[in-house]
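Structure file run-v9.cif; described as mmCIF, C-alpha atoms.
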data_data
#
loop_
_atom_site.group_PDB
_atom_site.id
_atom_site.type_symbol
_atom_site.label_atom_id
_atom_site.label_comp_id
_atom_site.auth_asym_id
_atom_site.auth_seq_id
_atom_site.Cartn_x
_atom_site.Cartn_y
_atom_site.Cartn_z
ATOM 1 C CA MET Z 248 0.000 0.000 0.000
ATOM 2 C CA LYS Z 249 1.671 3.186 -1.201
ATOM 3 C CA ARG Z 250 1.377 6.370 0.843
ATOM 4 C CA ILE Z 251 0.333 9.521 -0.994
ATOM 5 C CA ILE Z 252 0.958 12.979 0.421
ATOM 6 C CA VAL Z 253 -1.174 15.643 -1.273
ATOM 7 C CA PHE Z 254 -0.177 19.310 -1.455
ATOM 8 C CA ALA Z 255 -3.054 21.787 -1.846
ATOM 9 C CA SER Z 256 -3.574 25.556 -1.678
ATOM 10 C CA GLY Z 257 -7.258 26.230 -2.185
ATOM 11 C CA SER Z 258 -10.690 24.662 -2.131
ATOM 12 C CA GLY Z 259 -9.331 21.138 -2.371
ATOM 13 C CA SER Z 260 -11.885 19.615 -4.738
ATOM 14 C CA ASN Z 261 -9.152 17.669 -6.569
ATOM 15 C CA ALA Z 262 -7.639 16.579 -3.262
ATOM 16 C CA GLU Z 263 -11.039 15.359 -2.078
ATOM 17 C CA SER Z 264 -11.581 13.463 -5.323
ATOM 18 C CA ILE Z 265 -8.192 11.747 -4.906
ATOM 19 C CA ILE Z 266 -8.806 10.957 -1.223
ATOM 20 C CA ASN Z 267 -12.208 9.414 -2.008
ATOM 21 C CA PHE Z 268 -10.835 7.400 -4.918
ATOM 22 C CA PHE Z 269 -8.015 5.866 -2.859
ATOM 23 C CA ASN Z 270 -10.258 5.198 0.147
ATOM 24 C CA HIS Z 271 -11.533 2.269 -1.935
ATOM 25 C CA SER Z 272 -8.156 1.164 -3.290
ATOM 26 C CA GLU Z 273 -5.732 -1.563 -2.322
ATOM 27 C CA THR Z 274 -3.001 0.261 -4.250
ATOM 28 C CA ALA Z 275 -2.518 3.460 -2.249
ATOM 29 C CA LYS Z 276 -3.988 5.774 0.355
ATOM 30 C CA VAL Z 277 -3.780 9.510 0.966
ATOM 31 C CA THR Z 278 -2.220 9.652 4.411
ATOM 32 C CA HIS Z 279 -1.658 13.385 4.801
ATOM 33 C CA VAL Z 280 -2.356 16.736 3.151
ATOM 34 C CA LEU Z 281 0.029 19.687 3.332
ATOM 35 C CA CYS Z 282 -1.398 23.156 2.718
ATOM 36 C CA ASN Z 283 0.180 26.593 2.429
ATOM 37 C CA ASN Z 284 -2.996 28.633 2.987
ATOM 38 C CA LYS Z 285 -4.536 28.745 6.474
ATOM 39 C CA ASN Z 286 -7.863 29.940 5.002
ATOM 40 C CA ALA Z 287 -8.133 27.203 2.385
ATOM 41 C CA GLU Z 288 -11.304 25.167 2.217
ATOM 42 C CA ILE Z 289 -9.204 21.988 2.111
ATOM 43 C CA PHE Z 290 -8.951 22.142 5.933
ATOM 44 C CA GLU Z 291 -12.725 21.631 6.241
ATOM 45 C CA ARG Z 292 -12.662 18.877 3.634
ATOM 46 C CA CYS Z 293 -9.874 16.998 5.435
ATOM 47 C CA GLU Z 294 -11.685 17.247 8.748
ATOM 48 C CA ARG Z 295 -14.824 15.809 7.165
ATOM 49 C CA LEU Z 296 -12.823 13.099 5.380
ATOM 50 C CA ASN Z 297 -10.781 12.245 8.482
ATOM 51 C CA VAL Z 298 -7.425 12.904 6.773
ATOM 52 C CA GLU Z 299 -4.571 14.613 8.592
ATOM 53 C CA ILE Z 300 -3.640 18.053 7.289
ATOM 54 C CA SER Z 301 -0.787 20.394 8.206
ATOM 55 C CA LEU Z 302 -0.141 24.033 7.430
ATOM 56 C CA ILE Z 303 3.298 24.713 5.971
ATOM 57 C CA ASP Z 304 5.192 27.962 6.291
ATOM 58 C CA ARG Z 305 6.912 29.470 3.224
ATOM 59 C CA GLU Z 306 10.213 30.142 4.981
ATOM 60 C CA VAL Z 307 10.333 26.624 6.436
ATOM 61 C CA PHE Z 308 9.308 25.082 3.106
ATOM 62 C CA ASP Z 309 11.927 26.922 1.059
ATOM 63 C CA LYS Z 310 14.865 27.148 3.441
ATOM 64 C CA GLU Z 311 14.644 24.383 6.021
ATOM 65 C CA ASP Z 312 14.577 20.597 5.706
ATOM 66 C CA THR Z 313 11.563 19.939 7.960
ATOM 67 C CA VAL Z 314 9.163 19.202 5.086
ATOM 68 C CA LEU Z 315 11.794 17.197 3.217
ATOM 69 C CA HIS Z 316 12.438 14.994 6.283
ATOM 70 C CA PHE Z 317 8.697 14.484 6.753
ATOM 71 C CA LEU Z 318 8.268 13.489 3.104
ATOM 72 C CA ARG Z 319 11.219 11.093 3.156
ATOM 73 C CA LYS Z 320 9.684 9.363 6.158
ATOM 74 C CA GLU Z 321 6.013 9.418 5.126
ATOM 75 C CA ALA Z 322 5.632 9.600 1.315
ATOM 76 C CA ASP Z 323 5.911 7.104 -1.490
ATOM 77 C CA LEU Z 324 4.304 9.588 -3.881
ATOM 78 C CA ILE Z 325 3.646 13.335 -3.728
ATOM 79 C CA VAL Z 326 0.651 14.760 -5.573
ATOM 80 C CA LEU Z 327 0.169 18.470 -6.201
ATOM 81 C CA ALA Z 328 -3.552 19.214 -6.385
ATOM 82 C CA GLY Z 329 -3.850 22.949 -6.933
ATOM 83 C CA PHE Z 330 -0.679 23.743 -5.014
ATOM 84 C CA LEU Z 331 0.658 27.147 -6.057
ATOM 85 C CA TRP Z 332 4.227 27.203 -4.710
ATOM 86 C CA LYS Z 333 7.192 25.973 -6.665
ATOM 87 C CA ILE Z 334 8.618 22.801 -5.132
ATOM 88 C CA PRO Z 335 12.168 23.360 -3.796
ATOM 89 C CA GLU Z 336 14.900 21.653 -5.778
ATOM 90 C CA LYS Z 337 16.002 19.584 -2.761
ATOM 91 C CA ILE Z 338 12.546 17.947 -2.632
ATOM 92 C CA VAL Z 339 12.402 17.447 -6.415
ATOM 93 C CA SER Z 340 15.836 15.797 -6.458
ATOM 94 C CA SER Z 341 14.901 13.559 -3.498
ATOM 95 C CA PHE Z 342 11.730 12.327 -5.243
ATOM 96 C CA PRO Z 343 12.555 11.807 -8.937
ATOM 97 C CA LYS Z 344 9.423 10.779 -10.851
ATOM 98 C CA LYS Z 345 7.558 10.632 -7.552
ATOM 99 C CA ILE Z 346 5.965 14.103 -7.655
ATOM 100 C CA ILE Z 347 2.938 14.504 -9.901
ATOM 101 C CA ASN Z 348 1.110 17.716 -10.747
ATOM 102 C CA ILE Z 349 -2.068 18.520 -12.629
ATOM 103 C CA HIS Z 350 -2.212 21.639 -14.767
ATOM 104 C CA PRO Z 351 -5.436 23.097 -16.222
ATOM 105 C CA SER Z 352 -4.185 23.529 -19.788
ATOM 106 C CA LEU Z 353 -2.616 21.493 -22.534
ATOM 107 C CA LEU Z 354 1.036 22.072 -21.746
ATOM 108 C CA PRO Z 355 3.283 23.496 -23.022
ATOM 109 C CA LYS Z 356 0.552 26.050 -23.739
ATOM 110 C CA TYR Z 357 -0.362 28.345 -20.845
ATOM 111 C CA GLY Z 358 2.224 27.052 -18.414
ATOM 112 C CA GLY Z 359 4.791 28.768 -16.249
ATOM 113 C CA LYS Z 360 4.919 31.042 -13.237
ATOM 114 C CA GLY Z 361 1.652 32.834 -12.545
ATOM 115 C CA MET Z 362 -0.346 30.602 -14.872
ATOM 116 C CA PHE Z 363 -3.002 28.910 -12.766
ATOM 117 C CA GLY Z 364 -6.779 28.698 -12.473
ATOM 118 C CA LYS Z 365 -8.715 31.647 -13.841
ATOM 119 C CA HIS Z 366 -5.551 33.258 -15.258
ATOM 120 C CA ILE Z 367 -5.251 30.330 -17.650
ATOM 121 C CA HIS Z 368 -8.954 30.194 -18.527
ATOM 122 C CA LYS Z 369 -8.968 33.952 -19.177
ATOM 123 C CA ALA Z 370 -5.943 33.690 -21.487
ATOM 124 C CA ILE Z 371 -7.525 30.778 -23.347
ATOM 125 C CA LYS Z 372 -10.749 32.768 -23.823
ATOM 126 C CA GLU Z 373 -8.874 35.904 -24.935
ATOM 127 C CA ASN Z 374 -6.864 33.882 -27.463
ATOM 128 C CA CYS Z 375 -10.052 32.336 -28.911
ATOM 129 C CA GLU Z 376 -8.778 28.786 -28.427
ATOM 130 C CA LEU Z 377 -11.034 26.029 -29.753
ATOM 131 C CA GLU Z 378 -9.895 23.493 -27.204
ATOM 132 C CA THR Z 379 -8.233 23.261 -23.849
ATOM 133 C CA GLY Z 380 -7.687 20.480 -21.365
ATOM 134 C CA ILE Z 381 -5.593 19.086 -18.553
ATOM 135 C CA THR Z 382 -2.021 17.914 -18.321
ATOM 136 C CA ILE Z 383 -0.804 15.518 -15.649
ATOM 137 C CA HIS Z 384 2.978 15.594 -15.454
ATOM 138 C CA TYR Z 385 5.983 14.842 -13.306
ATOM 139 C CA VAL Z 386 7.411 17.807 -11.436
ATOM 140 C CA ASN Z 387 10.936 18.995 -12.129
ATOM 141 C CA GLU Z 388 12.870 22.120 -11.147
ATOM 142 C CA LYS Z 389 10.905 24.388 -13.510
ATOM 143 C CA TYR Z 390 7.246 25.413 -13.511
ATOM 144 C CA ASP Z 391 5.148 23.056 -15.651
ATOM 145 C CA GLU Z 392 8.057 21.598 -17.623
ATOM 146 C CA GLY Z 393 8.258 18.049 -16.238
ATOM 147 C CA ALA Z 394 7.633 15.004 -18.434
ATOM 148 C CA ILE Z 395 4.001 14.683 -19.478
ATOM 149 C CA ILE Z 396 2.192 11.580 -18.244
ATOM 150 C CA PHE Z 397 -1.320 12.236 -19.575
ATOM 151 C CA GLN Z 398 -3.374 14.866 -21.388
ATOM 152 C CA GLU Z 399 -7.091 15.105 -22.086
ATOM 153 C CA LYS Z 400 -8.834 17.701 -24.241
ATOM 154 C CA THR Z 401 -12.193 19.406 -24.165
ATOM 155 C CA ILE Z 402 -13.783 21.539 -26.873
ATOM 156 C CA ILE Z 403 -14.674 25.119 -26.060
ATOM 157 C CA SER Z 404 -16.832 27.528 -27.984
ATOM 158 C CA LYS Z 405 -16.543 31.282 -28.386
ATOM 159 C CA ASP Z 406 -19.636 31.613 -26.195
ATOM 160 C CA ASP Z 407 -18.100 29.747 -23.252
ATOM 161 C CA SER Z 408 -17.488 32.009 -20.273
ATOM 162 C CA ILE Z 409 -14.381 31.690 -18.102
ATOM 163 C CA GLU Z 410 -16.600 29.923 -15.527
ATOM 164 C CA ILE Z 411 -17.850 27.409 -18.112
ATOM 165 C CA ILE Z 412 -14.264 26.721 -19.197
ATOM 166 C CA ALA Z 413 -13.319 26.199 -15.532
ATOM 167 C CA ASP Z 414 -16.244 23.784 -15.074
ATOM 168 C CA LYS Z 415 -15.151 21.757 -18.111
ATOM 169 C CA ILE Z 416 -11.609 21.558 -16.708
ATOM 170 C CA HIS Z 417 -12.864 20.463 -13.261
ATOM 171 C CA LEU Z 418 -14.853 17.650 -14.906
ATOM 172 C CA LEU Z 419 -11.696 16.424 -16.635
ATOM 173 C CA GLU Z 420 -9.617 16.736 -13.474
ATOM 174 C CA HIS Z 421 -12.071 14.780 -11.339
ATOM 175 C CA SER Z 422 -12.558 12.143 -14.048
ATOM 176 C CA HIS Z 423 -8.889 11.449 -14.713
ATOM 177 C CA PHE Z 424 -6.447 12.608 -12.023
ATOM 178 C CA ALA Z 425 -6.868 9.794 -9.476
ATOM 179 C CA LYS Z 426 -7.017 7.113 -12.205
ATOM 180 C CA VAL Z 427 -3.783 8.368 -13.735
ATOM 181 C CA ILE Z 428 -2.100 8.430 -10.313
ATOM 182 C CA GLU Z 429 -3.187 4.837 -9.770
ATOM 183 C CA SER Z 430 -1.920 3.759 -13.193
ATOM 184 C CA VAL Z 431 1.489 5.354 -12.501
ATOM 185 C CA ILE Z 432 1.702 3.381 -9.255
ATOM 186 C CA LEU Z 433 0.522 0.119 -10.857
ATOM 187 C CA GLU Z 434 2.940 0.437 -13.755
ATOM 188 C CA GLY Z 435 5.729 0.266 -11.204
ATOM 189 C CA ASN Z 436 7.046 3.778 -11.705
ATOM 190 C CA ILE Z 437 6.556 4.474 -7.989
ATOM 191 C CA ARG Z 438 8.614 2.351 -5.648
ATOM 192 C CA GLY Z 439 8.205 2.749 -1.908
#
Just give me the structure as structure tokens.
Amino acid sequence: MKRIIVFASGSGSNAESIINFFNHSETAKVTHVLCNNKNAEIFERCERLNVEISLIDREVFDKEDTVLHFLRKEADLIVLAGFLWKIPEKIVSSFPKKIINIHPSLLPKYGGKGMFGKHIHKAIKENCELETGITIHYVNEKYDEGAIIFQEKTIISKDDSIEIIADKIHLLEHSHFAKVIESVILEGNIRG
């Protein structure tokens, strides 16, 4: 049974979807959530779902080894589910191909620092894109540049609002993220 640590920053709908999926799995279990936002809705979700959650401090995360030591002891796989901080290089190098992120666009389009959530959907709308989607990828030292594991597209129309685009992306995320995580584990790419 592999241990998944989820990193989240906001509402936590993807984290909840992953937690619920692996509650019924013999492959892995979400054992802890780390969050960088004390006001995030994920705290309420974790309480309801009976999953441990800890608040992480930026200074500690970037400059100390506390989080790294915790991860080395507790994680077989790290999943970023709407986590907005860049992962420090010391964590990335300690967990090669064991940190997975989901991005709400078809990378390499609309990736990089500052490109998240509504910023992406707004840019897609302004550029009159005909499709968008999700990218699930390994995390490396650069924003959104790790090896792509999976992509799924959705069609958008010129009449779609930013909110409609966001809803289409959430449907894709909730349909695919946990299944892709499981397939990565089952294919033997994650060794605990």
Q: For atom CA of Z:Val314 and atom CA of Z:Leu296, determine how far apart the two atoms are, in Å to one decimal place.
A: 22.8 Å
Q: Find the residue from Z:Glu399, Z:Asp304, Z:Glu388, Z:Glu294 that sits nearest to Z:Val427; use all atoms listed in the file when measuring.
A: Z:Glu399
Q: Compile the contact shell of stretch 369-372 of chain Z as JSON, numbers by chain: residues with an atom at most 8 Å away, counting only C-alpha atoms, same-chain residues fewer than 3 positions apart removed.
A: {"Z": [357, 365, 366, 375, 376, 379, 405, 407, 408, 409]}
(Q) Let me make sure I understand: among Z:Leu318, Z:His368, Z:Ser264, Z:Thr274, which one has the smallest atom-to-atom distance to Z:His423 if we use all atoms listed in the file? (A) Z:Ser264
Starting from the displayed file, determine the output of the PyMOL selection byres ((chain Z and resi 333-345) around 7) and express the residue list as a PDB file with C-alpha atoms, keeping the file's coordinate frame.
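Just written: selection12.pdb:
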ATOM      1  CA  ASP Z 309      11.927  26.922   1.059  1.00  0.00           C
ATOM      2  CA  LEU Z 315      11.794  17.197   3.217  1.00  0.00           C
ATOM      3  CA  LEU Z 324       4.304   9.588  -3.881  1.00  0.00           C
ATOM      4  CA  ILE Z 325       3.646  13.335  -3.728  1.00  0.00           C
ATOM      5  CA  LEU Z 331       0.658  27.147  -6.057  1.00  0.00           C
ATOM      6  CA  TRP Z 332       4.227  27.203  -4.710  1.00  0.00           C
ATOM      7  CA  ILE Z 346       5.965  14.103  -7.655  1.00  0.00           C
ATOM      8  CA  ILE Z 347       2.938  14.504  -9.901  1.00  0.00           C
ATOM      9  CA  TYR Z 385       5.983  14.842 -13.306  1.00  0.00           C
ATOM     10  CA  ASN Z 387      10.936  18.995 -12.129  1.00  0.00           C
ATOM     11  CA  GLU Z 388      12.870  22.120 -11.147  1.00  0.00           C
ATOM     12  CA  TYR Z 390       7.246  25.413 -13.511  1.00  0.00           C
ATOM     13  CA  ILE Z 437       6.556   4.474  -7.989  1.00  0.00           C
TER      14      ILE Z 437
END
Q: Show which residues sit within 7 Å of Z:His350, as a count of residues only. Count all atoms listed in the file, and ignore same-chain residues fewer than 4 positions away.
A: 3
Q) What would the list of residues within 12 Å of (7.2, 13.2, 7.4) (file frame) look like as a ChimeraX atom specification, if all atoms listed in the file are what count? A) /Z:250-252,278-281,299-301,312-323,325
**Q.** Contacts of Z:Asn283 within 7 Å, all atoms listed in the file, excl. fewer than 6 positions in-chain, as a PyMOL selection string
**A.** chain Z and resi 256+302-304
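A straight line drawn from atom CA of Z:Glu263 to atom CA of Z:Arg292 is 6.9 Å long.
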Q: Give me the result of the PyMOL selection byres ((chain Z and resi 429) around 12) on this file, residue by residue, as a count of residues only.
A: 32
Q) Quick one: of Z:Thr401, Z:Gly259, Z:Glu378, Z:Asp391, who's nearest to Z:Gly359, counting all atoms listed in the file? A)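 Under the stated criterion, the closest residue is Z:Asp391.
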Q: Could you jot down the atom CA of Z:Gln398 to atom CA of Z:Asn270 separation for me, Å, one decimal place?
A: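 These atoms are spaced 24.6 Å apart.
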**Q.** Chain and number of each residue from the PyMOL selection byres ((chain Z and resi 351) around 8), as JSON, numbers by chain
**A.** {"Z": [349, 350, 352, 353, 363, 364, 367, 380, 381, 382, 416]}
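Residue nearest Z:Leu354 within the list Z:Ile395, Z:Leu377, Z:Val386, Z:Gly329: Z:Ile395 [criterion: smallest interatomic distance, all atoms listed in the file].
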**Q.** Residue with smallest distance to Z:Phe397 - pool Z:Asn348, Z:Ala287, Z:Lys356, Z:Glu410, counting only C-alpha atoms
**A.**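 Using only C-alpha atoms, Z:Phe397 sits closest to Z:Asn348.
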Q. Of the candidates Z:Asn261, Z:Lys389, Z:Arg305, Z:Ile396, which one gets nearest to Z:Leu419 if we count all atoms listed in the file?
A. Z:Asn261
Would you mind putting back N, CA and C atoms on stretch 291-313 of chain Z, then writing it out as an mmCIF file, in the frame of the given file?
data_model
loop_
_atom_site.group_PDB
_atom_site.id
_atom_site.type_symbol
_atom_site.label_atom_id
_atom_site.label_comp_id
_atom_site.auth_asym_id
_atom_site.auth_seq_id
_atom_site.Cartn_x
_atom_site.Cartn_y
_atom_site.Cartn_z
ATOM 1 N N GLU Z 291 -11.387 22.161 5.918
ATOM 2 C CA GLU Z 291 -12.725 21.631 6.241
ATOM 3 C C GLU Z 291 -12.940 20.277 5.579
ATOM 4 N N ARG Z 292 -12.501 20.151 4.346
ATOM 5 C CA ARG Z 292 -12.662 18.877 3.634
ATOM 6 C C ARG Z 292 -11.913 17.757 4.353
ATOM 7 N N CYS Z 293 -10.673 18.027 4.754
ATOM 8 C CA CYS Z 293 -9.874 16.998 5.435
ATOM 9 C C CYS Z 293 -10.480 16.601 6.770
ATOM 10 N N GLU Z 294 -11.025 17.569 7.475
ATOM 11 C CA GLU Z 294 -11.685 17.247 8.748
ATOM 12 C C GLU Z 294 -12.869 16.321 8.505
ATOM 13 N N ARG Z 295 -13.658 16.633 7.498
ATOM 14 C CA ARG Z 295 -14.824 15.809 7.165
ATOM 15 C C ARG Z 295 -14.409 14.421 6.677
ATOM 16 N N LEU Z 296 -13.291 14.360 5.958
ATOM 17 C CA LEU Z 296 -12.823 13.099 5.380
ATOM 18 C C LEU Z 296 -11.906 12.310 6.316
ATOM 19 N N ASN Z 297 -11.628 12.891 7.484
ATOM 20 C CA ASN Z 297 -10.781 12.245 8.482
ATOM 21 C C ASN Z 297 -9.368 11.962 7.945
ATOM 22 N N VAL Z 298 -8.797 12.984 7.281
ATOM 23 C CA VAL Z 298 -7.425 12.904 6.773
ATOM 24 C C VAL Z 298 -6.615 13.996 7.458
ATOM 25 N N GLU Z 299 -5.431 13.637 7.918
ATOM 26 C CA GLU Z 299 -4.571 14.613 8.592
ATOM 27 C C GLU Z 299 -4.128 15.687 7.609
ATOM 28 N N ILE Z 300 -4.083 16.929 8.100
ATOM 29 C CA ILE Z 300 -3.640 18.053 7.289
ATOM 30 C C ILE Z 300 -2.752 18.954 8.137
ATOM 31 N N SER Z 301 -1.705 19.489 7.516
ATOM 32 C CA SER Z 301 -0.787 20.394 8.206
ATOM 33 C C SER Z 301 -0.575 21.643 7.367
ATOM 34 N N LEU Z 302 -0.458 22.762 8.064
ATOM 35 C CA LEU Z 302 -0.141 24.033 7.430
ATOM 36 C C LEU Z 302 1.375 24.152 7.317
ATOM 37 N N ILE Z 303 1.861 24.528 6.142
ATOM 38 C CA ILE Z 303 3.298 24.713 5.971
ATOM 39 C C ILE Z 303 3.620 26.192 5.766
ATOM 40 N N ASP Z 304 4.729 26.589 6.339
ATOM 41 C CA ASP Z 304 5.192 27.962 6.291
ATOM 42 C C ASP Z 304 6.166 28.125 5.120
ATOM 43 N N ARG Z 305 6.082 29.243 4.414
ATOM 44 C CA ARG Z 305 6.912 29.470 3.224
ATOM 45 C C ARG Z 305 8.403 29.418 3.538
ATOM 46 N N GLU Z 306 8.793 30.093 4.597
ATOM 47 C CA GLU Z 306 10.213 30.142 4.981
ATOM 48 C C GLU Z 306 10.732 28.738 5.308
ATOM 49 N N VAL Z 307 9.957 27.998 6.066
ATOM 50 C CA VAL Z 307 10.333 26.624 6.436
ATOM 51 C C VAL Z 307 10.394 25.752 5.185
ATOM 52 N N PHE Z 308 9.399 25.883 4.320
ATOM 53 C CA PHE Z 308 9.308 25.082 3.106
ATOM 54 C C PHE Z 308 10.513 25.317 2.191
ATOM 55 N N ASP Z 309 10.861 26.581 2.002
ATOM 56 C CA ASP Z 309 11.927 26.922 1.059
ATOM 57 C C ASP Z 309 13.331 26.756 1.625
ATOM 58 N N LYS Z 310 13.502 27.037 2.915
ATOM 59 C CA LYS Z 310 14.865 27.148 3.441
ATOM 60 C C LYS Z 310 15.273 26.086 4.457
ATOM 61 N N GLU Z 311 14.310 25.409 5.030
ATOM 62 C CA GLU Z 311 14.644 24.383 6.021
ATOM 63 C C GLU Z 311 14.351 22.996 5.458
ATOM 64 N N ASP Z 312 14.764 21.972 6.178
ATOM 65 C CA ASP Z 312 14.577 20.597 5.706
ATOM 66 C C ASP Z 312 13.439 19.857 6.411
ATOM 67 N N THR Z 313 12.637 20.571 7.193
ATOM 68 C CA THR Z 313 11.563 19.939 7.960
ATOM 69 C C THR Z 313 10.594 19.173 7.055
#
